[in-house]
$ cat structure_37.txt   # compact mmCIF, C-alpha atoms
# COMPACT_ATOMS: atom_id res chain seq x y z
CA MET A 1 -16.24 2.99 -12.93
CA ASP A 2 -14.89 0.63 -10.31
CA ARG A 3 -17.63 -1.31 -8.51
CA ILE A 4 -16.00 -0.59 -5.13
CA ILE A 5 -16.31 3.15 -5.74
CA ARG A 6 -19.89 2.69 -6.88
CA TYR A 7 -20.63 0.99 -3.58
CA MET A 8 -18.91 3.80 -1.66
CA LEU A 9 -21.14 6.33 -3.42
CA GLU A 10 -24.28 4.27 -2.86
CA GLU A 11 -23.41 3.89 0.81
CA ASP A 12 -22.87 7.64 1.22
CA GLU A 13 -25.99 8.66 -0.73
CA GLY A 14 -28.40 6.29 0.97
CA PHE A 15 -31.86 7.09 -0.38
CA GLY A 16 -30.80 10.51 -1.60
CA ASP A 17 -28.85 13.64 -0.63
CA ILE A 18 -31.74 15.35 1.11
CA THR A 19 -29.67 18.40 2.06
CA SER A 20 -28.49 19.25 -1.45
CA ASN A 21 -31.89 18.45 -2.94
CA ALA A 22 -33.53 20.77 -0.42
CA VAL A 23 -31.26 23.81 -0.71
CA VAL A 24 -29.42 23.65 -4.07
CA GLU A 25 -31.34 24.58 -7.20
CA LYS A 26 -31.70 21.71 -9.66
CA GLY A 27 -29.45 22.14 -12.68
CA LYS A 28 -27.26 24.81 -11.05
CA GLU A 29 -23.74 24.82 -12.49
CA ILE A 30 -20.77 25.63 -10.25
CA SER A 31 -16.98 25.37 -10.12
CA ALA A 32 -15.02 24.08 -7.16
CA GLN A 33 -11.45 23.50 -6.05
CA ILE A 34 -9.86 20.68 -4.06
CA VAL A 35 -7.19 22.11 -1.77
CA SER A 36 -4.64 20.45 0.51
CA LYS A 37 -4.70 21.30 4.21
CA ASP A 38 -1.71 19.02 4.82
CA GLU A 39 1.80 18.10 3.68
CA GLY A 40 2.87 14.85 2.05
CA ILE A 41 2.81 12.87 -1.20
CA LEU A 42 -0.25 13.22 -3.44
CA ALA A 43 -2.03 10.07 -4.64
CA GLY A 44 -5.46 9.24 -6.02
CA MET A 45 -5.94 12.11 -8.47
CA ASP A 46 -6.26 9.80 -11.46
CA VAL A 47 -8.79 7.68 -9.57
CA ILE A 48 -11.05 10.55 -8.54
CA ARG A 49 -10.79 12.12 -11.99
CA GLU A 50 -12.46 9.01 -13.39
CA VAL A 51 -15.22 9.31 -10.79
CA PHE A 52 -15.95 12.93 -11.64
CA GLU A 53 -15.86 12.32 -15.39
CA GLU A 54 -18.15 9.30 -15.08
CA TYR A 55 -20.74 11.68 -13.62
CA GLY A 56 -20.23 14.36 -16.27
CA ILE A 57 -18.07 16.68 -14.18
CA LYS A 58 -15.22 18.49 -15.94
CA VAL A 59 -11.81 18.16 -14.30
CA LYS A 60 -8.59 20.17 -14.45
CA PHE A 61 -5.44 18.89 -12.77
CA TRP A 62 -3.12 21.29 -11.04
CA LEU A 63 -0.89 18.67 -9.41
CA THR A 64 -0.42 14.98 -10.27
CA ASP A 65 0.12 11.77 -8.32
CA GLY A 66 3.56 11.52 -6.78
CA THR A 67 3.91 15.28 -6.23
CA ARG A 68 5.11 16.47 -2.84
CA ILE A 69 2.39 18.83 -1.62
CA SER A 70 2.13 21.53 1.04
CA LYS A 71 -0.71 23.23 2.89
CA ASN A 72 -2.96 25.35 0.67
CA ASP A 73 -1.77 23.72 -2.56
CA LEU A 74 -4.47 23.62 -5.24
CA LEU A 75 -4.83 20.00 -6.32
CA MET A 76 -7.75 19.90 -8.75
CA SER A 77 -10.52 22.09 -10.14
CA VAL A 78 -13.92 20.71 -11.13
CA ALA A 79 -16.96 22.23 -12.84
CA GLY A 80 -20.47 20.98 -13.43
CA ASP A 81 -23.78 20.26 -11.76
CA ALA A 82 -23.71 21.41 -8.12
CA ARG A 83 -25.86 18.58 -6.75
CA THR A 84 -23.68 15.99 -8.48
CA ILE A 85 -20.45 17.47 -7.15
CA LEU A 86 -21.89 17.53 -3.64
CA LEU A 87 -22.95 13.90 -4.04
CA LEU A 88 -19.39 12.90 -4.98
CA GLU A 89 -17.52 15.22 -2.62
CA ARG A 90 -17.03 13.11 0.49
CA THR A 91 -16.26 9.85 -1.33
CA VAL A 92 -13.61 11.35 -3.60
CA LEU A 93 -12.03 13.29 -0.74
CA ASN A 94 -11.99 10.29 1.60
CA LEU A 95 -10.39 8.08 -1.03
CA SER A 96 -7.76 10.58 -2.17
CA MET A 97 -6.94 11.54 1.42
CA ARG A 98 -6.47 7.88 2.35
CA MET A 99 -4.34 7.14 -0.71
CA SER A 100 -2.19 10.21 -0.14
CA GLY A 101 -1.66 9.17 3.47
CA VAL A 102 -0.43 5.73 2.40
CA ALA A 103 1.81 7.23 -0.28
CA THR A 104 3.24 9.66 2.27
CA ALA A 105 3.99 6.90 4.78
CA ALA A 106 5.61 4.77 2.08
CA ASN A 107 7.75 7.65 0.87
CA HIS A 108 8.87 8.42 4.42
CA TYR A 109 10.24 4.90 4.91
CA VAL A 110 11.73 4.70 1.42
CA GLU A 111 13.62 7.95 1.97
CA LEU A 112 15.05 6.68 5.26
CA VAL A 113 16.84 3.79 3.50
CA LYS A 114 17.55 5.38 0.12
CA ASP A 115 21.30 4.94 0.64
CA TYR A 116 20.98 1.15 1.01
CA ASP A 117 20.34 -1.56 -1.57
CA VAL A 118 17.03 -2.64 -0.06
CA ARG A 119 13.40 -2.55 -1.13
CA VAL A 120 10.65 -1.31 1.20
CA ALA A 121 7.39 -3.23 0.71
CA GLY A 122 3.85 -3.16 1.97
CA THR A 123 1.81 -6.16 3.09
CA ARG A 124 -1.78 -7.39 2.75
CA LYS A 125 -2.71 -5.54 5.96
CA THR A 126 -4.80 -3.14 3.92
CA SER A 127 -8.23 -1.65 4.52
CA PRO A 128 -10.97 -4.14 3.58
CA ALA A 129 -12.30 -3.76 0.02
CA ILE A 130 -9.88 -1.00 -0.99
CA ALA A 131 -6.64 -2.99 -1.15
CA LYS A 132 -6.12 -2.08 -4.81
CA PHE A 133 -6.13 1.62 -3.92
CA ASP A 134 -3.79 1.08 -0.98
CA LYS A 135 -1.43 -0.89 -3.21
CA TYR A 136 -1.51 1.78 -5.91
CA ALA A 137 -0.67 4.39 -3.27
CA LEU A 138 2.29 2.33 -2.03
CA GLY A 139 3.72 2.43 -5.54
CA VAL A 140 3.18 6.19 -5.80
CA GLY A 141 5.15 6.57 -2.57
CA GLY A 142 8.01 4.49 -3.97
CA ALA A 143 7.41 1.27 -2.07
CA ASP A 144 6.90 -2.21 -3.47
CA THR A 145 3.32 -3.49 -3.35
CA HIS A 146 4.27 -7.05 -2.33
CA ARG A 147 1.35 -9.45 -3.07
CA PHE A 148 -1.85 -7.99 -4.44
CA SER A 149 -3.82 -11.13 -3.63
CA LEU A 150 -3.48 -14.76 -2.58
CA ASP A 151 -2.92 -15.98 -6.14
CA ASP A 152 0.11 -13.74 -6.75
CA MET A 153 2.67 -16.09 -5.26
CA VAL A 154 3.13 -18.76 -2.62
CA LEU A 155 3.72 -17.23 0.80
CA ILE A 156 3.96 -19.91 3.48
CA LYS A 157 3.23 -18.34 6.87
CA ASP A 158 3.17 -19.64 10.43
CA ASN A 159 -0.38 -21.00 10.25
CA HIS A 160 0.39 -22.90 7.03
CA ILE A 161 3.40 -24.43 8.76
CA ALA A 162 1.36 -25.28 11.87
CA ALA A 163 -1.15 -27.09 9.67
CA CYS A 164 1.58 -28.87 7.72
CA GLY A 165 4.46 -29.75 10.05
CA THR A 166 7.80 -27.97 9.75
CA PRO A 167 8.92 -25.08 7.53
CA LEU A 168 10.99 -27.45 5.40
CA GLU A 169 8.07 -29.87 4.95
CA ALA A 170 5.82 -26.98 3.90
CA LEU A 171 8.42 -25.67 1.47
CA LEU A 172 8.97 -29.06 -0.18
CA LYS A 173 5.22 -29.61 -0.53
CA ALA A 174 4.82 -26.24 -2.18
CA LYS A 175 7.69 -26.92 -4.59
CA SER A 176 6.10 -30.21 -5.62
CA ASN A 177 2.58 -28.83 -6.04
CA VAL A 178 3.01 -25.33 -7.51
CA SER A 179 3.87 -24.26 -11.04
CA PHE A 180 7.42 -23.21 -11.77
CA SER A 181 6.00 -19.81 -12.75
CA LYS A 182 5.14 -18.89 -9.16
CA LYS A 183 7.70 -17.70 -6.66
CA ILE A 184 7.73 -19.38 -3.26
CA GLU A 185 8.32 -17.41 -0.08
CA ILE A 186 8.41 -18.90 3.39
CA GLU A 187 8.29 -17.30 6.81
CA VAL A 188 10.80 -18.59 9.38
CA GLU A 189 11.59 -17.74 12.99
CA THR A 190 14.95 -19.46 13.59
CA LEU A 191 18.44 -19.49 12.12
CA ASP A 192 18.29 -23.24 11.38
CA ASP A 193 14.99 -22.97 9.52
CA ALA A 194 16.29 -20.06 7.47
CA VAL A 195 19.36 -22.01 6.41
CA GLU A 196 17.36 -25.14 5.54
CA CYS A 197 14.87 -23.18 3.44
CA VAL A 198 17.60 -21.38 1.51
CA LYS A 199 19.39 -24.68 0.91
CA ASN A 200 16.18 -26.20 -0.42
CA GLY A 201 15.35 -23.56 -2.97
CA ALA A 202 13.00 -21.02 -1.43
CA ASP A 203 12.88 -17.96 -3.67
CA ILE A 204 12.38 -15.68 -0.68
CA VAL A 205 12.93 -16.36 3.01
CA MET A 206 11.15 -14.02 5.40
CA LEU A 207 12.78 -13.59 8.79
CA ASP A 208 9.74 -12.93 10.95
CA ASN A 209 9.99 -10.78 14.08
CA MET A 210 13.73 -11.28 14.38
CA SER A 211 15.89 -8.72 16.14
CA PRO A 212 18.70 -7.05 14.20
CA LEU A 213 21.18 -9.32 15.99
CA GLU A 214 19.26 -12.44 14.95
CA VAL A 215 19.01 -11.22 11.36
CA SER A 216 22.74 -10.50 11.34
CA GLU A 217 23.45 -14.06 12.49
CA VAL A 218 21.34 -15.46 9.64
CA ILE A 219 23.08 -13.30 7.04
CA ASP A 220 26.50 -14.23 8.40
CA LYS A 221 25.68 -17.96 8.36
CA LEU A 222 24.34 -17.88 4.82
CA THR A 223 27.43 -15.99 3.72
CA GLU A 224 29.69 -18.50 5.49
CA LEU A 225 27.94 -21.35 3.65
CA ASN A 226 28.25 -19.44 0.35
CA ILE A 227 24.48 -19.51 -0.21
CA ARG A 228 23.60 -15.92 0.68
CA GLN A 229 22.64 -15.10 -2.92
CA SER A 230 20.52 -18.25 -3.38
CA SER A 231 17.40 -16.62 -1.91
CA LEU A 232 16.12 -13.13 -1.34
CA ILE A 233 16.04 -12.30 2.37
CA GLU A 234 13.07 -10.34 3.68
CA VAL A 235 12.60 -9.03 7.21
CA SER A 236 9.20 -8.21 8.68
CA GLY A 237 7.46 -7.65 11.97
CA GLY A 238 7.36 -4.57 14.16
CA ILE A 239 9.81 -2.54 12.09
CA THR A 240 9.40 1.22 12.58
CA ASP A 241 10.97 4.36 11.21
CA LYS A 242 13.23 4.28 14.25
CA THR A 243 14.63 0.79 13.47
CA ILE A 244 14.42 0.43 9.68
CA VAL A 245 17.92 1.75 9.02
CA GLU A 246 19.35 -0.73 11.51
CA TYR A 247 17.84 -3.56 9.47
CA ALA A 248 18.82 -2.03 6.12
CA LYS A 249 22.48 -1.90 7.22
CA LEU A 250 22.49 -5.70 7.59
CA GLY A 251 22.23 -6.27 3.84
CA VAL A 252 18.73 -7.72 3.63
CA ASP A 253 16.89 -7.48 0.31
CA ILE A 254 13.37 -6.55 1.41
CA ILE A 255 11.85 -4.85 4.44
CA SER A 256 8.08 -5.29 4.59
CA ILE A 257 6.00 -3.07 6.86
CA GLY A 258 2.29 -3.54 7.51
CA ALA A 259 2.01 -0.13 9.15
CA LEU A 260 2.33 1.56 5.75
CA THR A 261 -1.29 0.62 5.16
CA HIS A 262 -2.80 -0.42 8.49
CA SER A 263 -1.61 2.58 10.49
CA SER A 264 -0.99 5.40 8.04
CA ARG A 265 -2.69 8.73 8.66
CA SER A 266 -4.94 10.14 5.95
CA LEU A 267 -3.95 13.57 4.69
CA ASN A 268 -6.51 16.36 4.99
CA PHE A 269 -8.08 17.84 1.83
CA SER A 270 -11.10 20.07 1.39
CA MET A 271 -13.37 21.14 -1.46
CA LYS A 272 -14.44 24.75 -1.83
CA PHE A 273 -17.12 26.06 -4.18
$ encode --input "structure_37.txt" --output "C-alpha cells"
Amino acid sequence: MDRIIRYMLEEDEGFGDITSNAVVEKGKEISAQIVSKDEGILAGMDVIREVFEEYGIKVKFWLTDGTRISKNDLLMSVAGDARTILLLERTVLNLSMRMSGVATAANHYVELVKDYDVRVAGTRKTSPAIAKFDKYALGVGGADTHRFSLDDMVLIKDNHIAACGTPLEALLKAKSNVSFSKKIEIEVETLDDAVECVKNGADIVMLDNMSPLEVSEVIDKLTELNIRQSSLIEVSGGITDKTIVEYAKLGVDIISIGALTHSSRSLNFSMKF
C-alpha cells in the first residue's frame, strides 16, 4: 500500500482507536456501505479498494471512477472486522471525497469548452503529499495532469527568468543544457517575449496572466508571422469558469487552472454500518 496512505492512517490512529476498542467487540464482523451525500464525478474508488483489501476487508463496487453520481447513490459495500473498518473509515472517506471534488471541478471546466479544440490542464498547485491523487483525479475528470513533478519537463517560470536574465536567455540556456527528450515550456508576460520564444524553438509558450485581448494580439502576431503552429500556446493565471470560454475562443492550445486542485470543494460521502 502507498506509503502516503500508510502515514495518513498512522496519523489518524495515533496510539490506538480508543473509542472502537472500548465499545466494539473484538473480532466482530460487520458490513457497511459508502453512500454519496453529494453530486459530481466519482474518483478514488480504486485507491480506497486497495486500502480496504490490504487490511483484509472485502469490497464490492457499485459505481466506478468517472461515474456521474447523485445524492444517496451507493458507491461501495465493504465487509469484515468492525474495528478495522472503523480504523480506515475517515482516511478512505477523506481521500475519496477530495479526489471526487477535484474530478468534479475538472469535469466542470472541461465541459464548458468541449466545443473548442483546447485542452484543460491542472497545475502543481496541489495539496502537499497527495499530488499523485490530485493528478489522478484530474484525469478522471477529463483534464490533463500537466507536470507530475519537476523532472517531467522544463518549465521556465518568472523566478527562473529573474535569476537568469531575459526569457530568451533562459530558453537558449535550457535548449543547450537539456536532453532533446524533454519538452521545454517558458512563461512570458509580453507579446515581444512570446514571439521571440516561439521563433527560438520553445515547445510550449505560456502566456501568463494575460487578458483575452492580450492573448488575441499574441495569436494574431504569430499567425501574421506564419509561426503560430511552431509552438503550443498555453494560457494561465486567474482563469475562472466565467472566463474560460472567452480564452478558448481565441484558439489557444492549453488552458491551465490551478483552482482545479487548490480550490476545489470535496464532495461529501458517508459510511453506514
$ axis_aligned_box --input "structure_37.txt" --around "range 21-36 of chain A" --padding-each-side "3 Å" --output "lines of an AutoDock Vina configuration file"
center_x = -19.1
center_y = 22.0
center_z = -6.1
size_x = 34.9
size_y = 13.2
size_z = 19.2
$ residues_around --input "structure_37.txt" --residues "range 145-148 of chain A" --least-positions-apart "6" --cutoff "12 Å" --atoms "all atoms listed in the file" --output "ChimeraX atom specification"
/A:102-103,106,119-126,130-139,154-155,182-185,204,234,254-258,260-261
$ residues_around --input "structure_37.txt" --residues "range 245-250 of chain A" --least-positions-apart "4" --cutoff "10 Å" --atoms "only C-alpha atoms" --output "VMD selection string"
chain A and resid 109 112 to 120 211 to 213 215 to 217 219 to 220 235 to 236 239 to 241 254 to 255
$ atom_distance --input "structure_37.txt" --atom1 "CA of Ile18 in chain A" --atom2 "CA of Leu87 in chain A"
10.3 Å
$ closest_residue --input "structure_37.txt" --among "A:Asp253, A:Glu214, A:Gly142, A:Asp203" --to "Leu191 in chain A" --atoms "all atoms listed in the file"
A:Glu214
$ closest_residue --input "structure_37.txt" --among "A:Val51, A:Glu187, A:Glu39, A:Leu86" --to "Thr67 in chain A" --atoms "all atoms listed in the file"
A:Glu39
$ closest_residue --input "structure_37.txt" --among "A:Ser36, A:Thr91, A:Gln229, A:Thr166" --to "Arg6 in chain A" --atoms "only C-alpha atoms"
A:Thr91
$ residues_around --input "structure_37.txt" --residues "Ala194 in chain A" --least-positions-apart "4" --cutoff "9 Å" --atoms "all atoms listed in the file" --output "PyMOL selection string"
chain A and resi 167+186-190+198-199+205-207+218+222
$ atom_distance --input "structure_37.txt" --atom1 "CA of Leu95 in chain A" --atom2 "CA of Leu150 in chain A"
23.9 Å
$ atom_distance --input "structure_37.txt" --atom1 "CA of Arg98 in chain A" --atom2 "CA of Gly66 in chain A"
14.0 Å
$ closest_residue --input "structure_37.txt" --among "A:Ala202, A:Leu225, A:Met97, A:Met45" --to "Ser77 in chain A" --atoms "only C-alpha atoms"
A:Met45
$ residues_around --input "structure_37.txt" --residues "Ser96 in chain A" --least-positions-apart "4" --cutoff "7 Å" --atoms "all atoms listed in the file" --output "PyMOL selection string"
chain A and resi 43-45+92+100
$ closest_residue --input "structure_37.txt" --among "A:Glu53, A:Ile5, A:Glu13, A:His108" --to "Ala129 in chain A" --atoms "all atoms listed in the file"
A:Ile5
$ closest_residue --input "structure_37.txt" --among "A:Ile85, A:Asn94, A:Leu63, A:Ile48" --to "Arg265 in chain A" --atoms "all atoms listed in the file"
A:Asn94
